[in-house]
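Notes follow the structure.
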Amino acid sequence: PPPPPPPPPRRARSSIAPAESSIADPASLTWSPPSEPEPPSSLLPLWLVHRARALLPVIGHSAYITLASGFLMTDVLALRLMLIGGYSGLVAFHALHERPLRIPFRWSVFFVVVNGVMALKLVRDRYPGAFGEEEESIYEGSFTQLSRGQFKRLMALATVETLPEGAVLTTERAACPHLYFVLDGSAQMRLNGEAVAVIGRGGFCNTLAYQRGEPGTPAYGTIRGRSPMRVVRWELAALRDLVASDADLERRLGARDDP
């Protein structure tokens, strides 16, 4: 007899779920428009920001090079000027962005202002104005350790006097309210009646009372002019107040060994 016909092929069960089961419920889907970029918040007009965009790397690098160069300066005024230039460059760098970083921008402005104020003080101290002929001679002869501004403030408290031969500047163990600086002539100091020193041009008299800083401090010895003298005289109280208000002036003026 003929062989039985082969059984019909079994259909393989699909492991793929119906498409309908893999699609979420259309009712649960919501459409939202694409988010728009934030509008520019530039500090400067956009046309200027766009034109300067290509210069930003140059401005940024130049600013930091200037700052680094400033830290190499040994002169304080040069240091301040370089810092002003560097931080000004950073101000421009941040301001020329469409969305500038506000915190670095504000701190850069602050540093420009601080260094500008300090630089202005230094300029006023170094260049206080022209001296008279006599002041210039005194400064160049004996006070170049001071800045010109410090010397000008010092001389504003001073009186230039001409004293006759034999004039007594200080008396031993007696308070003297003045400090003298000898411009011309000379004086002799006596201690217990004995001549111990001659004070000539460029010397100070009564520095012991000044250095002790106490009102009523007696003079170390008796100082009397050996010839007609020209002296600069300061009131001790006013001079102490000036020096106390300027630590750098006190350091530069320093202590001297004059009597």
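Naming works like this for the structure tokens: A, B, ... for the chains as they're shown, residue 1 at the start of each chain, ligands 1 onward in shown order.
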If you run DSSP over the backbone, which residues in stretch 20-219 of chain A end up strand (DSSP E or B)? Put them as a CSV table (one decimal) with all heavy atoms, in the first residue's frame.
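Resulting contents of part17.csv:
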chain,number,residue,atom,x,y,z
A,158,ALA,N,57.8,122.4,58.8
A,158,ALA,CA,59.1,122.9,59.2
A,158,ALA,C,59.2,124.4,59.0
A,158,ALA,O,58.4,125.0,58.3
A,158,ALA,CB,60.2,122.2,58.4
A,159,THR,N,60.1,125.0,59.7
A,159,THR,CA,60.5,126.4,59.6
A,159,THR,C,62.0,126.5,59.4
A,159,THR,O,62.8,125.9,60.2
A,159,THR,CB,60.1,127.2,60.9
A,159,THR,OG1,58.7,127.0,61.1
A,159,THR,CG2,60.4,128.7,60.7
A,160,VAL,N,62.4,127.2,58.4
A,160,VAL,CA,63.8,127.5,58.2
A,160,VAL,C,64.2,128.8,58.9
A,160,VAL,O,63.6,129.8,58.6
A,160,VAL,CB,64.1,127.5,56.7
A,160,VAL,CG1,65.6,127.8,56.4
A,160,VAL,CG2,63.7,126.3,56.0
A,161,GLU,N,65.2,128.7,59.7
A,161,GLU,CA,65.7,129.8,60.5
A,161,GLU,C,67.1,130.1,60.3
A,161,GLU,O,67.9,129.2,60.0
A,161,GLU,CB,65.4,129.6,62.0
A,161,GLU,CG,63.9,129.4,62.4
A,161,GLU,CD,63.7,129.1,63.8
A,161,GLU,OE1,64.6,128.5,64.5
A,161,GLU,OE2,62.6,129.5,64.4
A,162,THR,N,67.5,131.3,60.6
A,162,THR,CA,68.9,131.7,60.6
A,162,THR,C,69.2,132.1,62.1
A,162,THR,O,68.6,133.0,62.6
A,162,THR,CB,69.3,132.9,59.7
A,162,THR,OG1,69.0,132.5,58.3
A,162,THR,CG2,70.7,133.3,59.8
A,163,LEU,N,70.2,131.5,62.7
A,163,LEU,CA,70.6,131.7,64.1
A,163,LEU,C,72.0,132.4,64.2
A,163,LEU,O,72.9,132.0,63.4
A,163,LEU,CB,70.6,130.4,64.9
A,163,LEU,CG,69.3,129.6,64.8
A,163,LEU,CD1,69.5,128.3,65.6
A,163,LEU,CD2,68.1,130.4,65.4
A,168,VAL,N,71.7,129.1,71.6
A,168,VAL,CA,71.6,127.9,72.3
A,168,VAL,C,70.4,127.1,71.7
A,168,VAL,O,69.3,127.6,71.7
A,168,VAL,CB,71.4,128.1,73.8
A,168,VAL,CG1,71.1,126.8,74.5
A,168,VAL,CG2,72.6,128.8,74.4
A,169,LEU,N,70.6,125.9,71.2
A,169,LEU,CA,69.6,125.1,70.6
A,169,LEU,C,68.9,124.2,71.7
A,169,LEU,O,67.7,124.1,71.7
A,169,LEU,CB,70.1,124.2,69.5
A,169,LEU,CG,70.3,124.9,68.1
A,169,LEU,CD1,71.4,125.9,68.2
A,169,LEU,CD2,70.5,123.9,67.0
A,170,THR,N,69.7,123.6,72.5
A,170,THR,CA,69.2,122.8,73.6
A,170,THR,C,70.1,123.0,74.9
A,170,THR,O,71.2,123.4,74.8
A,170,THR,CB,69.3,121.3,73.3
A,170,THR,OG1,70.6,120.9,73.2
A,170,THR,CG2,68.5,121.0,72.0
A,172,GLU,N,71.3,121.1,78.5
A,172,GLU,CA,71.4,119.8,79.1
A,172,GLU,C,70.3,119.6,80.3
A,172,GLU,O,70.2,120.5,81.1
A,172,GLU,CB,72.8,119.6,79.7
A,172,GLU,CG,73.0,118.3,80.3
A,172,GLU,CD,74.5,118.1,80.8
A,172,GLU,OE1,75.3,119.0,80.5
A,172,GLU,OE2,74.8,117.1,81.4
A,175,ALA,N,64.0,120.3,79.0
A,175,ALA,CA,63.1,119.9,77.9
A,175,ALA,C,63.2,120.9,76.8
A,175,ALA,O,63.2,122.1,77.0
A,175,ALA,CB,61.7,119.8,78.3
A,178,HIS,N,61.7,121.2,70.3
A,178,HIS,CA,62.0,121.3,68.9
A,178,HIS,C,63.1,120.2,68.4
A,178,HIS,O,63.9,119.8,69.3
A,178,HIS,CB,62.6,122.7,68.5
A,178,HIS,CG,61.6,123.8,68.9
A,178,HIS,ND1,62.0,124.8,69.7
A,178,HIS,CD2,60.3,124.0,68.6
A,178,HIS,CE1,61.0,125.6,69.9
A,178,HIS,NE2,60.0,125.1,69.2
A,179,LEU,N,63.0,119.9,67.2
A,179,LEU,CA,64.1,119.1,66.5
A,179,LEU,C,64.7,120.0,65.5
A,179,LEU,O,64.0,120.6,64.7
A,179,LEU,CB,63.5,117.8,65.9
A,179,LEU,CG,64.5,116.9,65.1
A,179,LEU,CD1,65.5,116.3,66.1
A,179,LEU,CD2,63.7,115.9,64.3
A,180,TYR,N,66.0,120.0,65.4
A,180,TYR,CA,66.7,120.9,64.5
A,180,TYR,C,67.5,120.0,63.5
A,180,TYR,O,68.1,119.0,63.8
A,180,TYR,CB,67.7,121.8,65.2
A,180,TYR,CG,67.1,122.8,66.2
A,180,TYR,CD1,66.9,122.4,67.5
A,180,TYR,CD2,66.7,124.0,65.8
A,180,TYR,CE1,66.3,123.3,68.4
A,180,TYR,CE2,66.1,124.9,66.7
A,180,TYR,CZ,65.9,124.5,68.0
A,180,TYR,OH,65.3,125.4,68.9
A,181,PHE,N,67.6,120.6,62.2
A,181,PHE,CA,68.5,120.0,61.2
A,181,PHE,C,69.4,121.1,60.7
A,181,PHE,O,68.9,122.2,60.3
A,181,PHE,CB,67.6,119.4,60.1
A,181,PHE,CG,68.4,118.9,58.9
A,181,PHE,CD1,69.1,117.6,59.1
A,181,PHE,CD2,68.6,119.6,57.8
A,181,PHE,CE1,69.8,117.1,58.0
A,181,PHE,CE2,69.3,119.0,56.7
A,181,PHE,CZ,70.0,117.8,56.8
A,182,VAL,N,70.7,120.9,60.7
A,182,VAL,CA,71.6,121.9,60.4
A,182,VAL,C,71.8,122.0,58.8
A,182,VAL,O,72.2,121.0,58.2
A,182,VAL,CB,73.0,121.7,61.0
A,182,VAL,CG1,74.0,122.8,60.7
A,182,VAL,CG2,72.8,121.6,62.6
A,183,LEU,N,71.5,123.2,58.3
A,183,LEU,CA,71.8,123.4,56.8
A,183,LEU,C,73.1,124.0,56.6
A,183,LEU,O,73.8,123.6,55.7
A,183,LEU,CB,70.7,124.3,56.3
A,183,LEU,CG,69.2,123.8,56.3
A,183,LEU,CD1,68.3,124.9,55.8
A,183,LEU,CD2,69.1,122.6,55.4
A,184,ASP,N,73.5,125.0,57.4
A,184,ASP,CA,74.8,125.6,57.2
A,184,ASP,C,75.3,125.9,58.6
A,184,ASP,O,74.5,126.2,59.6
A,184,ASP,CB,74.7,126.9,56.4
A,184,ASP,CG,74.4,126.6,55.0
A,184,ASP,OD1,75.2,125.9,54.3
A,184,ASP,OD2,73.4,127.1,54.5
A,187,ALA,N,77.6,123.5,65.3
A,187,ALA,CA,77.3,123.7,66.7
A,187,ALA,C,78.1,122.7,67.5
A,187,ALA,O,78.5,121.6,67.0
A,187,ALA,CB,75.8,123.5,67.0
A,188,GLN,N,78.3,123.1,68.7
A,188,GLN,CA,79.1,122.2,69.7
A,188,GLN,C,78.2,121.7,70.8
A,188,GLN,O,77.4,122.5,71.3
A,188,GLN,CB,80.3,122.9,70.2
A,188,GLN,CG,81.2,122.0,71.1
A,188,GLN,CD,82.4,122.8,71.5
A,188,GLN,OE1,82.3,123.7,72.4
A,188,GLN,NE2,83.6,122.5,71.0
A,189,MET,N,78.3,120.4,71.1
A,189,MET,CA,77.5,119.9,72.2
A,189,MET,C,78.4,119.7,73.4
A,189,MET,O,79.5,119.1,73.3
A,189,MET,CB,76.8,118.6,71.8
A,189,MET,CG,75.9,118.1,72.9
A,189,MET,SD,75.1,116.5,72.5
A,189,MET,CE,76.4,115.3,72.8
A,190,ARG,N,78.0,120.1,74.6
A,190,ARG,CA,78.7,119.9,75.8
A,190,ARG,C,77.9,119.0,76.7
A,190,ARG,O,76.6,119.2,76.8
A,190,ARG,CB,79.0,121.3,76.5
A,190,ARG,CG,80.1,122.1,75.7
A,190,ARG,CD,80.4,123.4,76.4
A,190,ARG,NE,81.5,124.0,75.8
A,190,ARG,CZ,82.8,123.8,76.1
A,190,ARG,NH1,83.1,123.0,77.1
A,190,ARG,NH2,83.7,124.5,75.5
A,191,LEU,N,78.5,118.1,77.4
A,191,LEU,CA,77.9,117.3,78.4
A,191,LEU,C,78.7,117.4,79.7
A,191,LEU,O,79.9,117.1,79.7
A,191,LEU,CB,77.9,115.8,77.9
A,191,LEU,CG,77.2,114.8,78.7
A,191,LEU,CD1,75.7,115.1,78.8
A,191,LEU,CD2,77.4,113.4,78.1
A,194,GLU,N,81.8,119.5,79.4
A,194,GLU,CA,82.9,119.2,78.5
A,194,GLU,C,82.3,119.0,77.1
A,194,GLU,O,81.2,118.5,76.8
A,194,GLU,CB,83.5,117.8,78.9
A,194,GLU,CG,84.2,117.9,80.3
A,194,GLU,CD,84.8,116.6,80.6
A,194,GLU,OE1,84.8,115.6,79.7
A,194,GLU,OE2,85.3,116.4,81.8
A,195,ALA,N,83.1,119.5,76.1
A,195,ALA,CA,82.8,119.4,74.7
A,195,ALA,C,82.9,118.0,74.3
A,195,ALA,O,84.0,117.3,74.5
A,195,ALA,CB,83.7,120.3,73.9
A,196,VAL,N,81.8,117.4,73.7
A,196,VAL,CA,81.9,116.0,73.4
A,196,VAL,C,81.6,115.7,71.9
A,196,VAL,O,81.9,114.7,71.4
A,196,VAL,CB,80.8,115.2,74.2
A,196,VAL,CG1,81.2,115.2,75.7
A,196,VAL,CG2,79.4,115.8,74.0
A,197,ALA,N,81.0,116.7,71.2
A,197,ALA,CA,80.7,116.5,69.8
A,197,ALA,C,80.5,117.8,69.1
A,197,ALA,O,80.2,118.8,69.7
A,197,ALA,CB,79.5,115.7,69.6
A,198,VAL,N,80.8,117.8,67.8
A,198,VAL,CA,80.5,118.9,66.9
A,198,VAL,C,79.5,118.5,65.8
A,198,VAL,O,79.7,117.4,65.2
A,198,VAL,CB,81.8,119.4,66.2
A,198,VAL,CG1,81.5,120.5,65.2
A,198,VAL,CG2,82.8,120.0,67.2
A,199,ILE,N,78.4,119.2,65.7
A,199,ILE,CA,77.4,118.9,64.8
A,199,ILE,C,77.4,119.9,63.6
A,199,ILE,O,77.3,121.1,63.8
A,199,ILE,CB,76.0,119.0,65.5
A,199,ILE,CG1,76.0,118.1,66.7
A,199,ILE,CG2,74.9,118.6,64.5
A,199,ILE,CD1,74.8,118.4,67.6
A,204,PHE,N,71.4,116.3,62.9
A,204,PHE,CA,70.2,116.6,63.7
A,204,PHE,C,70.6,117.0,65.1
A,204,PHE,O,71.6,116.4,65.6
A,204,PHE,CB,69.2,115.5,63.7
A,204,PHE,CG,68.4,115.3,62.5
A,204,PHE,CD1,68.8,114.5,61.4
A,204,PHE,CD2,67.2,116.0,62.3
A,204,PHE,CE1,68.0,114.3,60.3
A,204,PHE,CE2,66.4,115.9,61.2
A,204,PHE,CZ,66.8,115.0,60.2
A,205,CYS,N,69.8,117.8,65.7
A,205,CYS,CA,70.0,118.2,67.1
A,205,CYS,C,68.7,117.9,67.9
A,205,CYS,O,67.6,118.2,67.4
A,205,CYS,CB,70.3,119.7,67.3
A,205,CYS,SG,71.8,120.2,66.4
A,218,PRO,N,64.0,115.5,78.6
A,218,PRO,CA,65.1,116.5,78.6
A,218,PRO,C,66.1,116.2,77.5
A,218,PRO,O,66.3,115.1,77.0
A,218,PRO,CB,65.7,116.3,80.0
A,218,PRO,CG,65.4,114.8,80.4
A,218,PRO,CD,64.1,114.6,79.8
A,219,ALA,N,66.8,117.3,77.1
A,219,ALA,CA,67.8,117.2,76.1
A,219,ALA,C,69.0,116.4,76.7
A,219,ALA,O,69.3,116.5,77.9
A,219,ALA,CB,68.2,118.5,75.6
Quick one: residues within 6 Å of A:Arg226, only C-alpha atoms, excluding same-chain residues fewer than 4 positions away - as a ChimeraX atom specification?
/A:165-166,186-187
For stretch 138-164 of chain A versus stretch 233-254 of chain A, which residues have an atom no more than 10 Å away, and what is each residue's nearest atom pair and distance in Å rounded to one decimal, using only C-alpha atoms, chain-then-number order, as a tab-separated table?
residue	atom	partner	partner_atom	distance
A:Phe143	CA	A:Leu253	CA	8.4
A:Thr144	CA	A:Arg252	CA	9.7
A:Gln145	CA	A:Arg252	CA	6.1
A:Leu146	CA	A:Arg252	CA	6.1
A:Ser147	CA	A:Leu249	CA	8.5
A:Gln150	CA	A:Leu249	CA	6.6
A:Phe151	CA	A:Leu249	CA	9.0
A:Arg153	CA	A:Leu242	CA	8.3
A:Leu154	CA	A:Leu239	CA	7.7
A:Met155	CA	A:Trp234	CA	8.7
A:Ala156	CA	A:Trp234	CA	9.7
A:Leu157	CA	A:Trp234	CA	6.4
A:Ala158	CA	A:Trp234	CA	4.9
A:Thr159	CA	A:Arg233	CA	5.2
A:Val160	CA	A:Arg233	CA	6.3
A:Glu161	CA	A:Arg233	CA	7.3
Output C-alpha atoms for every residue in the selection just made, as a JSON list (two decimals), in the first residue's frame.
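Contents of again-v8.json, freshly written:
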[["chain", "number", "residue", "atom", "x", "y", "z"],
["A", 143, "PHE", "CA", 66.60, 113.25, 52.45],
["A", 144, "THR", "CA", 66.67, 111.11, 49.32],
["A", 145, "GLN", "CA", 65.75, 108.08, 51.44],
["A", 146, "LEU", "CA", 62.24, 109.60, 51.57],
["A", 147, "SER", "CA", 59.81, 109.79, 48.68],
["A", 150, "GLN", "CA", 56.94, 112.29, 52.20],
["A", 151, "PHE", "CA", 59.57, 115.03, 52.14],
["A", 153, "ARG", "CA", 54.76, 116.68, 53.99],
["A", 154, "LEU", "CA", 57.77, 116.82, 56.31],
["A", 155, "MET", "CA", 58.77, 120.29, 55.13],
["A", 156, "ALA", "CA", 55.19, 121.54, 55.42],
["A", 157, "LEU", "CA", 55.65, 121.32, 59.19],
["A", 158, "ALA", "CA", 59.11, 122.90, 59.20],
["A", 159, "THR", "CA", 60.47, 126.40, 59.62],
["A", 160, "VAL", "CA", 63.82, 127.48, 58.16],
["A", 161, "GLU", "CA", 65.66, 129.84, 60.51]]
Please, which residues of stretch 118-171 of chain A, numbered as in this document, come out alpha helix (DSSP H) from DSSP, as number ranges by chain?
A: 118-126, 133-142, 148-156
From A:Leu122, A:Ser142, A:Arg201, A:Thr207, residue lying nearest A:Leu77 [only C-alpha atoms]
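The shortest atom-to-atom distance to A:Leu77 comes from A:Leu122.
Remark: for A:His61, the closest of the candidate residues A:Leu83, A:Leu90, A:Val114, A:Leu208 is A:Leu90 (distances computed over only C-alpha atoms).
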A:His94: which residues within 12 Å, counting only C-alpha atoms, same-chain residues fewer than 5 positions away excluded, as a ChimeraX atom specification?
/A:41-44,49,52-53,56-57,59-60,63,87-89,99-109
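Of the listed residues (A:Val117, A:Val112, A:Ile223, A:Ala209), A:Ile223 comes nearest to A:Gly193; the distances count only C-alpha atoms.
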